[in-house]
Each structure stands twice: as C-alpha cells, then as structure tokens.
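Engineer: Below you'll find structure29.tsv; it's TSV, C-alpha atoms.
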chain	number	residue	atom	x	y	z
A	1	MET	CA	-8.04	4.24	9.26
A	2	SER	CA	-8.27	2.83	12.78
A	3	GLY	CA	-11.73	2.81	14.32
A	4	ALA	CA	-10.34	3.41	17.81
A	5	ALA	CA	-12.01	6.17	19.84
A	6	PRO	CA	-9.88	9.35	19.93
A	7	THR	CA	-8.03	10.23	23.11
A	8	VAL	CA	-7.44	13.65	24.64
A	9	TYR	CA	-3.85	13.60	25.92
A	10	ILE	CA	-3.15	16.01	28.77
A	11	VAL	CA	0.44	17.04	29.49
A	12	ASP	CA	0.79	19.29	32.56
A	13	ASP	CA	3.26	19.14	35.45
A	14	ALA	CA	0.59	20.27	37.97
A	15	ARG	CA	-1.21	17.23	39.37
A	16	GLU	CA	-4.30	19.20	40.35
A	17	VAL	CA	-4.64	20.56	36.82
A	18	ARG	CA	-4.32	17.08	35.31
A	19	MET	CA	-6.95	15.70	37.68
A	20	ALA	CA	-9.37	18.59	37.14
A	21	LEU	CA	-9.09	18.43	33.35
A	22	SER	CA	-9.37	14.63	33.38
A	23	ARG	CA	-12.57	14.77	35.44
A	24	LEU	CA	-14.04	17.56	33.35
A	25	LEU	CA	-13.32	15.94	30.00
A	26	GLY	CA	-14.22	12.47	31.25
A	27	ALA	CA	-17.61	13.76	32.41
A	28	SER	CA	-18.07	15.27	28.94
A	29	GLY	CA	-17.61	11.85	27.36
A	30	TYR	CA	-13.99	12.06	26.24
A	31	GLN	CA	-11.37	9.36	26.62
A	32	VAL	CA	-8.46	10.92	28.54
A	33	ASN	CA	-4.83	10.03	29.22
A	34	ALA	CA	-2.73	12.38	31.39
A	35	PHE	CA	1.05	12.80	31.73
A	36	GLU	CA	3.11	14.86	34.15
A	37	SER	CA	5.87	15.70	31.64
A	38	ALA	CA	6.55	16.02	27.93
A	39	GLU	CA	9.23	13.36	28.23
A	40	ARG	CA	6.81	10.82	29.72
A	41	PHE	CA	4.28	11.61	27.00
A	42	LEU	CA	6.84	10.94	24.27
A	43	GLU	CA	7.82	7.65	25.91
A	44	GLU	CA	4.33	6.28	26.47
A	45	GLN	CA	1.92	7.75	23.92
A	46	ASP	CA	0.74	5.64	20.99
A	47	ALA	CA	1.58	7.85	18.01
A	48	GLU	CA	-0.75	5.86	15.75
A	49	ALA	CA	-3.79	6.33	18.02
A	50	PRO	CA	-6.17	9.15	17.07
A	51	GLY	CA	-6.52	12.12	19.41
A	52	CYS	CA	-5.34	15.59	20.34
A	53	LEU	CA	-3.02	17.11	22.91
A	54	LEU	CA	-3.77	19.56	25.75
A	55	LEU	CA	-0.33	20.93	26.46
A	56	ASP	CA	0.95	23.18	29.24
A	57	VAL	CA	3.32	25.87	28.00
A	58	CYS	CA	5.73	26.06	30.95
A	59	MET	CA	6.99	22.77	32.44
A	60	PRO	CA	10.25	21.51	33.94
A	61	GLY	CA	12.43	19.78	31.39
A	62	LEU	CA	10.99	19.84	27.90
A	63	SER	CA	8.61	22.81	27.62
A	64	GLY	CA	5.32	22.79	25.76
A	65	ILE	CA	6.73	24.83	22.89
A	66	GLU	CA	9.72	22.47	22.64
A	67	LEU	CA	7.40	19.46	22.57
A	68	GLN	CA	5.37	21.11	19.81
A	69	ARG	CA	8.56	21.56	17.82
A	70	THR	CA	9.54	17.92	18.42
A	71	LEU	CA	6.15	16.56	17.36
A	72	ALA	CA	6.12	18.75	14.23
A	73	GLY	CA	8.91	16.62	12.80
A	74	LEU	CA	7.08	13.33	13.28
A	75	PRO	CA	4.85	11.70	10.64
A	76	CYS	CA	1.91	11.37	13.04
A	77	ALA	CA	2.02	14.76	14.76
A	78	ARG	CA	-1.26	15.42	16.54
A	79	PRO	CA	-3.14	18.76	16.93
A	80	ILE	CA	-2.28	20.78	20.03
A	81	VAL	CA	-4.34	23.02	22.31
A	82	PHE	CA	-2.02	25.01	24.56
A	83	LEU	CA	-2.77	25.78	28.21
A	84	SER	CA	-1.02	28.67	29.91
A	85	GLY	CA	-1.00	30.04	33.43
A	86	LYS	CA	-0.67	33.57	32.10
A	87	ASP	CA	-1.89	35.48	29.09
A	88	ASP	CA	1.39	35.62	27.15
A	89	VAL	CA	0.51	37.09	23.77
A	90	GLN	CA	3.95	36.56	22.24
A	91	ILE	CA	4.07	32.87	23.12
A	92	GLY	CA	0.48	32.43	22.03
A	93	VAL	CA	1.13	34.01	18.64
A	94	HIS	CA	4.21	31.84	18.16
A	95	ALA	CA	2.31	28.67	19.11
A	96	MET	CA	-0.52	29.45	16.70
A	97	LYS	CA	1.89	30.23	13.87
A	98	GLU	CA	3.47	26.82	14.43
A	99	GLY	CA	0.09	25.16	13.98
A	100	ALA	CA	-1.57	25.07	17.41
A	101	VAL	CA	-5.37	24.79	17.34
A	102	ASP	CA	-5.90	27.19	20.26
A	103	PHE	CA	-4.15	28.90	23.17
A	104	LEU	CA	-6.20	28.93	26.39
A	105	THR	CA	-5.40	30.75	29.62
A	106	LYS	CA	-5.95	29.10	33.02
A	107	PRO	CA	-8.40	28.84	34.68
A	108	ILE	CA	-9.89	27.23	31.59
A	109	ASP	CA	-13.46	28.04	30.63
A	110	HIS	CA	-15.40	24.79	30.14
A	111	ALA	CA	-17.16	25.85	26.96
A	112	GLN	CA	-13.94	27.15	25.40
A	113	LEU	CA	-12.10	23.97	26.34
A	114	VAL	CA	-14.70	21.66	24.80
A	115	ALA	CA	-14.87	23.78	21.65
A	116	ALA	CA	-11.08	23.67	21.30
A	117	VAL	CA	-10.95	19.91	21.90
A	118	GLU	CA	-13.69	19.30	19.33
A	119	LEU	CA	-11.84	21.39	16.76
A	120	ALA	CA	-8.56	19.60	17.51
A	121	LEU	CA	-10.14	16.15	17.21
A	122	LYS	CA	-11.79	17.14	13.94
A	123	ARG	CA	-8.47	18.34	12.59
A	124	ASP	CA	-6.77	15.13	13.72
A	125	ALA	CA	-9.38	13.03	11.91
A	126	GLU	CA	-8.91	15.08	8.73
A	127	GLN	CA	-5.12	14.78	8.90
A	128	ARG	CA	-5.32	11.02	9.41
A	129	ARG	CA	-7.68	10.62	6.48
A	130	GLU	CA	-5.26	12.59	4.32
A	131	ARG	CA	-2.32	10.44	5.47
A	132	ASP	CA	-4.33	7.30	4.67
A	133	VAL	CA	-5.08	8.61	1.18
A	134	ARG	CA	-1.43	9.49	0.56
A	135	ARG	CA	-0.35	6.07	1.81
A	136	MET	CA	-2.82	4.39	-0.55
A	137	ILE	CA	-1.57	6.45	-3.52
A	138	GLN	CA	2.05	5.66	-2.68
A	139	GLU	CA	1.25	1.95	-2.52
A	140	ARG	CA	-0.25	2.19	-6.00
A	141	VAL	CA	2.85	3.99	-7.26
A	142	GLU	CA	5.02	1.18	-5.94
A	143	THR	CA	3.17	-1.30	-8.18
A	144	LEU	CA	4.37	0.58	-11.29
A	145	THR	CA	7.38	-0.67	-13.23
A	146	PRO	CA	10.26	1.78	-13.86
A	147	ARG	CA	9.07	2.28	-17.45
A	148	GLU	CA	5.48	2.85	-16.31
A	149	ARG	CA	6.73	5.52	-13.91
A	150	GLN	CA	8.55	7.24	-16.76
A	151	VAL	CA	5.40	7.19	-18.86
A	152	MET	CA	3.32	8.44	-15.93
A	153	VAL	CA	5.65	11.39	-15.42
A	154	GLN	CA	5.32	12.32	-19.08
A	155	VAL	CA	1.53	11.95	-19.01
A	156	ILE	CA	1.35	14.24	-15.98
A	157	ARG	CA	3.42	16.78	-17.89
A	158	GLY	CA	0.74	16.79	-20.59
A	159	ARG	CA	2.76	14.99	-23.25
A	160	LEU	CA	0.98	13.18	-26.08
A	161	ASN	CA	1.73	9.53	-26.81
A	162	LYS	CA	3.80	10.48	-29.87
A	163	GLN	CA	5.91	12.88	-27.82
A	164	ILE	CA	6.39	10.34	-25.05
A	165	ALA	CA	7.45	7.69	-27.57
A	166	VAL	CA	10.09	9.98	-29.07
A	167	GLY	CA	11.37	11.05	-25.65
A	168	LEU	CA	11.69	7.48	-24.40
A	169	GLY	CA	12.92	6.05	-27.67
A	170	THR	CA	10.13	3.55	-28.05
A	171	GLY	CA	7.03	2.97	-30.18
A	172	GLU	CA	3.73	4.79	-29.79
A	173	LYS	CA	1.82	1.51	-29.41
A	174	THR	CA	4.10	0.52	-26.55
A	175	VAL	CA	3.47	3.86	-24.88
A	176	LYS	CA	-0.28	3.33	-25.20
A	177	VAL	CA	0.04	-0.02	-23.43
A	178	HIS	CA	2.12	1.46	-20.60
A	179	ARG	CA	-0.24	4.41	-20.32
A	180	ALA	CA	-3.28	2.14	-19.98
A	181	ARG	CA	-1.52	0.11	-17.29
A	182	VAL	CA	-0.59	3.27	-15.40
A	183	MET	CA	-4.18	4.50	-15.41
A	184	SER	CA	-5.44	1.09	-14.27
A	185	LYS	CA	-2.89	0.60	-11.48
A	186	MET	CA	-3.33	4.16	-10.20
A	187	GLY	CA	-7.14	3.91	-10.31
A	188	ALA	CA	-7.35	7.09	-12.40
A	189	HIS	CA	-10.10	7.66	-14.96
A	190	SER	CA	-8.56	10.75	-16.55
A	191	VAL	CA	-5.27	12.61	-16.85
A	192	ALA	CA	-6.63	15.31	-14.55
A	193	GLU	CA	-7.32	12.71	-11.88
A	194	LEU	CA	-3.85	11.23	-12.34
A	195	VAL	CA	-2.32	14.69	-11.85
A	196	GLN	CA	-4.34	15.16	-8.66
A	197	LEU	CA	-3.20	11.81	-7.28
A	198	ALA	CA	0.43	12.67	-7.94
A	199	ALA	CA	0.03	16.09	-6.32
A	200	ARG	CA	-1.39	14.48	-3.16
A	201	ILE	CA	1.94	12.76	-2.52
A	202	GLY	CA	4.02	15.81	-3.37
A	203	VAL	CA	5.10	14.95	-6.90
A	204	ALA	CA	5.96	18.10	-8.83
A	205	ILE	CA	6.99	17.84	-12.47
A	206	GLU	CA	9.01	20.65	-14.04
A	207	PRO	CA	8.40	21.07	-17.80
A	208	ALA	CA	12.12	21.46	-18.52
A	209	LEU	CA	13.09	18.12	-17.03
A	210	SER	CA	14.14	15.26	-19.25
A	211	ALA	CA	12.31	11.95	-18.94
A	212	ASP	CA	15.12	10.34	-16.93
A	213	THR	CA	15.50	13.28	-14.55
A	214	ALA	CA	11.74	13.53	-14.01
A	215	THR	CA	11.59	9.87	-13.11
A	216	LEU	CA	14.42	10.30	-10.61
A	217	ASN	CA	12.56	13.17	-8.91
A	218	TRP	CA	9.43	11.01	-8.81
A	219	LYS	CA	11.26	8.26	-6.90
A	220	GLN	CA	12.59	10.75	-4.38
A	221	ALA	CA	9.19	12.39	-3.76
Could you rewrite the structure in this file as structure tokens?
Structural biologist:
Amino acid sequence: MSGAAPTVYIVDDAREVRMALSRLLGASGYQVNAFESAERFLEEQDAEAPGCLLLDVCMPGLSGIELQRTLAGLPCARPIVFLSGKDDVQIGVHAMKEGAVDFLTKPIDHAQLVAAVELALKRDAEQRRERDVRRMIQERVETLTPRERQVMVQVIRGRLNKQIAVGLGTGEKTVKVHRARVMSKMGAHSVAELVQLAARIGVAIEPALSADTATLNWKQA
C-alpha cells in the first residue's frame, strides 16, 4: 500500500466554506485539497491516493448524493462525511444507509468534524488494506494452471483426494501433486486457510456444482 499521507478532500460550492474548512483542518495537521464542484473533483482527484471526502449535500450540477452514488461504483471509492446547511433527517438517513461515515450540519463543530475525519481516514486505510490483500490473493490465483484451479475448487468444497481424482478422471497421485502445488502457490498452510483466501476474493462454491462448472464460476469471480 502507498505510504503517501492521506488527504482530506473538500467539495463545497461555497468558497468561504472551503476556505474555512481548509484553514481549520490544515491547522489540525491534515493535508487538504478543496474543490468547488463534484465535477471538478472527479476530473482532478487521484483515486489511488489515500484520504476521505468532506462533501456538501446541495450543490449546482452534480449533488453530493449523486456524487456518492457515482463513487460507490468505482473500485477505489473513498469514505464520505456529508456537510449540510440544514438538518435534513431524510437525506441524512439515506446518506448513512449508502455508506457515509457521518452527516454534519453547518456550522460544523470543530470536535465533531475532527472525529468524523479521523473515523473516515481510519476506514479508508482499512478498505485499502483489504483491497491490497484481495489483489495479492488474485495474483496468486493467476499463477495456478487450469487443472490446479479445478483441484483447488474441489479442495475448497471439502473433497478428498480420491473423490477429486474420480471427478476429474485422473489418478490420486496426480491430484496430490496438484494439491501440493495449489497450497504452495496460494501460500496456504491448511484447507481452512485456503477457504478463507478464496472467500476474501468472493469465490463461493456450491456443493451441487460439477468440477467444470465450479471452475468456470471461479474464473468469473
């Protein structure tokens, strides 16, 4: 994971709000980058850089809620703390259900703001670590041969070597060799650990699947 310092991105159409928040957070030791619109943020932000987003709810053009929805579909969506000029419970509830870290009403209390930013940055760090782990697991999967993937699927399903051999139409000794290679390439020391690694990248194995079908689902995961 990148060692770059996290940035607090501020998106608010009111210049005075952007300046006030930038000064406040800058004085608190945060790295800040401010934008006057959601569109400008999308154009200029570095999606790979760590950080969180302080986002105004109501803005000309793309609204805060619409930006949240847009970011939710991206692989590197960052945590959001919403800022609102009025205490709109319905919007706040919707924003939180969609994954927002907090919903603050202007004028923003300093202590509440810092607490929300800290929580958002912590969540961002956790999400990035998880993405790094999933990326590492996927890279290991890509080193497996097609036959090794078939064997891995069967191992995850709890099949014994004899059962795997019958299902794949091969010898038990051959299965043992493939199984050992799978465990080595995946960096797993037990079947339980192998199952956990697969689950981290969203691989779900249905007991009723045949070996060929299970392998196909693995490739699409």
Engineer: Take CA of Arg128 in chain A and CA of Leu24 in chain A and report the distance between them in Å, one decimal.
Structural biologist: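 It comes out at 26.3 Å.
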Engineer: If we count only C-alpha atoms, what is near Ala192 in chain A at a cut-off of 12 Å, once residues fewer than 5 positions away on the same chain are taken out, given as a list in words?
Structural biologist: Val155, Ile156, Arg157, Gly158, Met183, Leu197, Ala198 and Ala199 of chain A
Engineer: Sorted by chain and rising residue number, list the residues of range 118-145 of chain A at most 12 Å from range 42-49 of chain A (counting all atoms listed in the file), each with its closest atom pair and distance in Å to one decimal, as JSON lines.
Structural biologist:
{"residue": "A:Leu121", "atom": "CA", "partner": "A:Ala49", "partner_atom": "CA", "distance": 11.7}
{"residue": "A:Asp124", "atom": "CA", "partner": "A:Ala49", "partner_atom": "CA", "distance": 10.2}
{"residue": "A:Ala125", "atom": "CA", "partner": "A:Ala49", "partner_atom": "CA", "distance": 10.7}
{"residue": "A:Arg128", "atom": "CA", "partner": "A:Glu48", "partner_atom": "CA", "distance": 9.4}
{"residue": "A:Arg131", "atom": "CA", "partner": "A:Glu48", "partner_atom": "CA", "distance": 11.4}
{"residue": "A:Asp132", "atom": "CA", "partner": "A:Glu48", "partner_atom": "CA", "distance": 11.7}
Engineer: Centre and edge lengths, as lines of an AutoDock Vina configuration file, for the axis-aligned box enclosing every listed atom of range 185-199 of chain A with 5 Å of padding on each of the six sides, in Å to one decimal?
Structural biologist:
center_x = -4.8
center_y = 8.3
center_z = -11.6
size_x = 20.5
size_y = 25.5
size_z = 20.5
Engineer: Could you check which of A:Leu74, A:Met186, A:Ala95, A:Met152 is closest to Leu55 in chain A, using all atoms listed in the file?
Structural biologist: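 The closest residue to Leu55 in chain A is A:Ala95.
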Engineer: Kindly give the distance, in Å, that separates CA of Pro107 in chain A and CA of Gly85 in chain A, rounded to a single decimal.
Structural biologist: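 It comes out at 7.6 Å.
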Engineer: Could you pull out every residue with an atom within 12 Å of (6.0, 2.8, -5.6), file coordinates, counting all atoms listed in the file, and send them as a PyMOL selection string?
Structural biologist: chain A and resi 134-146+148-149+182+185-186+198+201+215+218-221
Engineer: Could you turn the residues from that selection into a file that holds C-alpha atoms, as a short mmCIF file (atom, residue, chain, number, x, y, z; two decimals), in the coordinates of the input?
Structural biologist:
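Once written, selection.cif looks like this:
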data_model
loop_
_atom_site.label_atom_id
_atom_site.label_comp_id
_atom_site.auth_asym_id
_atom_site.auth_seq_id
_atom_site.Cartn_x
_atom_site.Cartn_y
_atom_site.Cartn_z
CA ARG A 134 -1.43 9.49 0.56
CA ARG A 135 -0.35 6.07 1.81
CA MET A 136 -2.82 4.39 -0.55
CA ILE A 137 -1.57 6.45 -3.52
CA GLN A 138 2.05 5.66 -2.68
CA GLU A 139 1.25 1.95 -2.52
CA ARG A 140 -0.25 2.19 -6.00
CA VAL A 141 2.85 3.99 -7.26
CA GLU A 142 5.02 1.18 -5.94
CA THR A 143 3.17 -1.30 -8.18
CA LEU A 144 4.37 0.58 -11.29
CA THR A 145 7.38 -0.67 -13.23
CA PRO A 146 10.26 1.78 -13.86
CA GLU A 148 5.48 2.85 -16.31
CA ARG A 149 6.73 5.52 -13.91
CA VAL A 182 -0.59 3.27 -15.40
CA LYS A 185 -2.89 0.60 -11.48
CA MET A 186 -3.33 4.16 -10.20
CA ALA A 198 0.43 12.67 -7.94
CA ILE A 201 1.94 12.76 -2.52
CA THR A 215 11.59 9.87 -13.11
CA TRP A 218 9.43 11.01 -8.81
CA LYS A 219 11.26 8.26 -6.90
CA GLN A 220 12.59 10.75 -4.38
CA ALA A 221 9.19 12.39 -3.76
#
Engineer: Could you tell me which of A:Gly202, A:Gly29, A:Gly64, A:Pro50 comes closest to Asp13 in chain A if we count all atoms listed in the file?
Structural biologist: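 Smallest separation from Asp13 in chain A among the options: A:Gly64.
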Engineer: Taking all atoms listed in the file into account, name the residue in A:Ala111, A:Leu119, A:Leu104, A:Met96 that is nearest to Ser28 in chain A.
Structural biologist: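 When distances to Ser28 in chain A are compared using all atoms listed in the file, the smallest one comes from A:Ala111.
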Engineer: CA of Ser37 in chain A to CA of Arg129 in chain A: how many Å, to one decimal?
Structural biologist: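 So the two atoms, CA of Ser37 in chain A and CA of Arg129 in chain A, lie 29.0 Å apart.
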Engineer: Could you give me, as a list in words, the residues within 9 Å of Ile65 in chain A, counting all atoms listed in the file and dropping anything in the same chain fewer than 4 positions from it?
Structural biologist: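 Once the nearby chain positions are removed, what remains is Leu55, Asp56, Val57, Cys58, Arg69, Thr70, Phe82, Ile91, His94 and Ala95 of chain A.
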Engineer: So which one's closest to Pro60 in chain A, A:Ala77, A:Val11, A:Ala27, A:Val17? Using only C-alpha atoms, please.
Structural biologist: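 So, comparing all the options, the nearest one is A:Val11.
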Engineer: List as number ranges by chain the protein and nucleic acid residues near Lys173 in chain A, meaning an atom at most 10 Å away when only C-alpha atoms are counted, but skip any in the same chain fewer than 4 places from it.
Structural biologist: A: 161-162, 165, 177-179
Engineer: Of the candidates A:Cys76, A:Leu83, A:Leu53, A:Val203, which one gets nearest to Gln127 in chain A if we count all atoms listed in the file?
Structural biologist: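 Answer, going by the shortest atom-to-atom distance: A:Cys76.
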Engineer: Determine the nearest neighbour of Cys52 in chain A from the options A:Ile80, A:Leu194, A:Val175, A:Val89, counting all atoms listed in the file.
Structural biologist: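 Selected residue with least distance to Cys52 in chain A: A:Ile80.
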Engineer: Using the atoms already present, construct all heavy atoms for range 47-58 of chain A and hand them back as a PDB file, in the frame of the given file.
Structural biologist:
ATOM      1  N   ALA A  47       1.621   6.847  19.077  1.00  0.00           N
ATOM      2  CA  ALA A  47       1.580   7.850  18.010  1.00  0.00           C
ATOM      3  C   ALA A  47       0.558   7.529  16.935  1.00  0.00           C
ATOM      4  O   ALA A  47       0.085   8.423  16.233  1.00  0.00           O
ATOM      5  CB  ALA A  47       2.969   7.995  17.379  1.00  0.00           C
ATOM      6  N   GLU A  48       0.197   6.258  16.793  1.00  0.00           N
ATOM      7  CA  GLU A  48      -0.750   5.860  15.750  1.00  0.00           C
ATOM      8  C   GLU A  48      -2.198   6.049  16.202  1.00  0.00           C
ATOM      9  O   GLU A  48      -3.119   6.036  15.376  1.00  0.00           O
ATOM     10  CB  GLU A  48      -0.520   4.404  15.358  1.00  0.00           C
ATOM     11  CG  GLU A  48       0.811   4.146  14.682  1.00  0.00           C
ATOM     12  CD  GLU A  48       0.933   4.846  13.338  1.00  0.00           C
ATOM     13  OE1 GLU A  48      -0.109   5.045  12.689  1.00  0.00           O
ATOM     14  OE2 GLU A  48       2.049   5.195  12.941  1.00  0.00           O
ATOM     15  N   ALA A  49      -2.419   6.195  17.508  1.00  0.00           N
ATOM     16  CA  ALA A  49      -3.790   6.330  18.020  1.00  0.00           C
ATOM     17  C   ALA A  49      -4.331   7.723  17.746  1.00  0.00           C
ATOM     18  O   ALA A  49      -3.622   8.716  17.887  1.00  0.00           O
ATOM     19  CB  ALA A  49      -3.809   6.053  19.526  1.00  0.00           C
ATOM     20  N   PRO A  50      -5.588   7.834  17.342  1.00  0.00           N
ATOM     21  CA  PRO A  50      -6.170   9.150  17.070  1.00  0.00           C
ATOM     22  C   PRO A  50      -6.349   9.958  18.344  1.00  0.00           C
ATOM     23  O   PRO A  50      -6.519   9.396  19.435  1.00  0.00           O
ATOM     24  CB  PRO A  50      -7.531   8.805  16.444  1.00  0.00           C
ATOM     25  CG  PRO A  50      -7.865   7.457  16.987  1.00  0.00           C
ATOM     26  CD  PRO A  50      -6.553   6.739  17.107  1.00  0.00           C
ATOM     27  N   GLY A  51      -6.315  11.275  18.239  1.00  0.00           N
ATOM     28  CA  GLY A  51      -6.520  12.120  19.410  1.00  0.00           C
ATOM     29  C   GLY A  51      -5.850  13.474  19.264  1.00  0.00           C
ATOM     30  O   GLY A  51      -5.252  13.790  18.238  1.00  0.00           O
ATOM     31  N   CYS A  52      -5.955  14.264  20.322  1.00  0.00           N
ATOM     32  CA  CYS A  52      -5.340  15.590  20.340  1.00  0.00           C
ATOM     33  C   CYS A  52      -4.592  15.764  21.647  1.00  0.00           C
ATOM     34  O   CYS A  52      -4.671  14.925  22.542  1.00  0.00           O
ATOM     35  CB  CYS A  52      -6.384  16.687  20.153  1.00  0.00           C
ATOM     36  SG  CYS A  52      -7.543  16.844  21.548  1.00  0.00           S
ATOM     37  N   LEU A  53      -3.887  16.877  21.759  1.00  0.00           N
ATOM     38  CA  LEU A  53      -3.020  17.110  22.910  1.00  0.00           C
ATOM     39  C   LEU A  53      -3.360  18.431  23.596  1.00  0.00           C
ATOM     40  O   LEU A  53      -3.392  19.482  22.946  1.00  0.00           O
ATOM     41  CB  LEU A  53      -1.567  17.127  22.428  1.00  0.00           C
ATOM     42  CG  LEU A  53      -0.459  17.380  23.442  1.00  0.00           C
ATOM     43  CD1 LEU A  53      -0.472  16.316  24.531  1.00  0.00           C
ATOM     44  CD2 LEU A  53       0.894  17.372  22.736  1.00  0.00           C
ATOM     45  N   LEU A  54      -3.651  18.364  24.918  1.00  0.00           N
ATOM     46  CA  LEU A  54      -3.770  19.560  25.750  1.00  0.00           C
ATOM     47  C   LEU A  54      -2.429  19.740  26.427  1.00  0.00           C
ATOM     48  O   LEU A  54      -2.027  18.931  27.265  1.00  0.00           O
ATOM     49  CB  LEU A  54      -4.882  19.393  26.788  1.00  0.00           C
ATOM     50  CG  LEU A  54      -6.320  19.303  26.285  1.00  0.00           C
ATOM     51  CD1 LEU A  54      -7.282  19.234  27.463  1.00  0.00           C
ATOM     52  CD2 LEU A  54      -6.664  20.478  25.390  1.00  0.00           C
ATOM     53  N   LEU A  55      -1.736  20.795  26.080  1.00  0.00           N
ATOM     54  CA  LEU A  55      -0.330  20.930  26.460  1.00  0.00           C
ATOM     55  C   LEU A  55      -0.042  22.208  27.231  1.00  0.00           C
ATOM     56  O   LEU A  55      -0.333  23.315  26.758  1.00  0.00           O
ATOM     57  CB  LEU A  55       0.516  20.889  25.179  1.00  0.00           C
ATOM     58  CG  LEU A  55       2.013  20.999  25.302  1.00  0.00           C
ATOM     59  CD1 LEU A  55       2.586  19.891  26.181  1.00  0.00           C
ATOM     60  CD2 LEU A  55       2.649  20.961  23.908  1.00  0.00           C
ATOM     61  N   ASP A  56       0.534  22.041  28.423  1.00  0.00           N
ATOM     62  CA  ASP A  56       0.950  23.180  29.240  1.00  0.00           C
ATOM     63  C   ASP A  56       2.162  23.840  28.598  1.00  0.00           C
ATOM     64  O   ASP A  56       3.054  23.158  28.082  1.00  0.00           O
ATOM     65  CB  ASP A  56       1.283  22.708  30.657  1.00  0.00           C
ATOM     66  CG  ASP A  56       1.514  23.869  31.606  1.00  0.00           C
ATOM     67  OD1 ASP A  56       1.001  24.974  31.339  1.00  0.00           O
ATOM     68  OD2 ASP A  56       2.210  23.676  32.620  1.00  0.00           O
ATOM     69  N   VAL A  57       2.217  25.148  28.626  1.00  0.00           N
ATOM     70  CA  VAL A  57       3.320  25.870  28.000  1.00  0.00           C
ATOM     71  C   VAL A  57       4.603  25.733  28.802  1.00  0.00           C
ATOM     72  O   VAL A  57       5.657  25.371  28.271  1.00  0.00           O
ATOM     73  CB  VAL A  57       2.964  27.371  27.830  1.00  0.00           C
ATOM     74  CG1 VAL A  57       4.184  28.145  27.330  1.00  0.00           C
ATOM     75  CG2 VAL A  57       1.808  27.543  26.863  1.00  0.00           C
ATOM     76  N   CYS A  58       4.535  26.036  30.107  1.00  0.00           N
ATOM     77  CA  CYS A  58       5.730  26.060  30.950  1.00  0.00           C
ATOM     78  C   CYS A  58       5.790  24.821  31.849  1.00  0.00           C
ATOM     79  O   CYS A  58       4.934  24.654  32.724  1.00  0.00           O
ATOM     80  CB  CYS A  58       5.771  27.319  31.806  1.00  0.00           C
ATOM     81  SG  CYS A  58       5.819  28.842  30.829  1.00  0.00           S
TER      82      CYS A  58
END
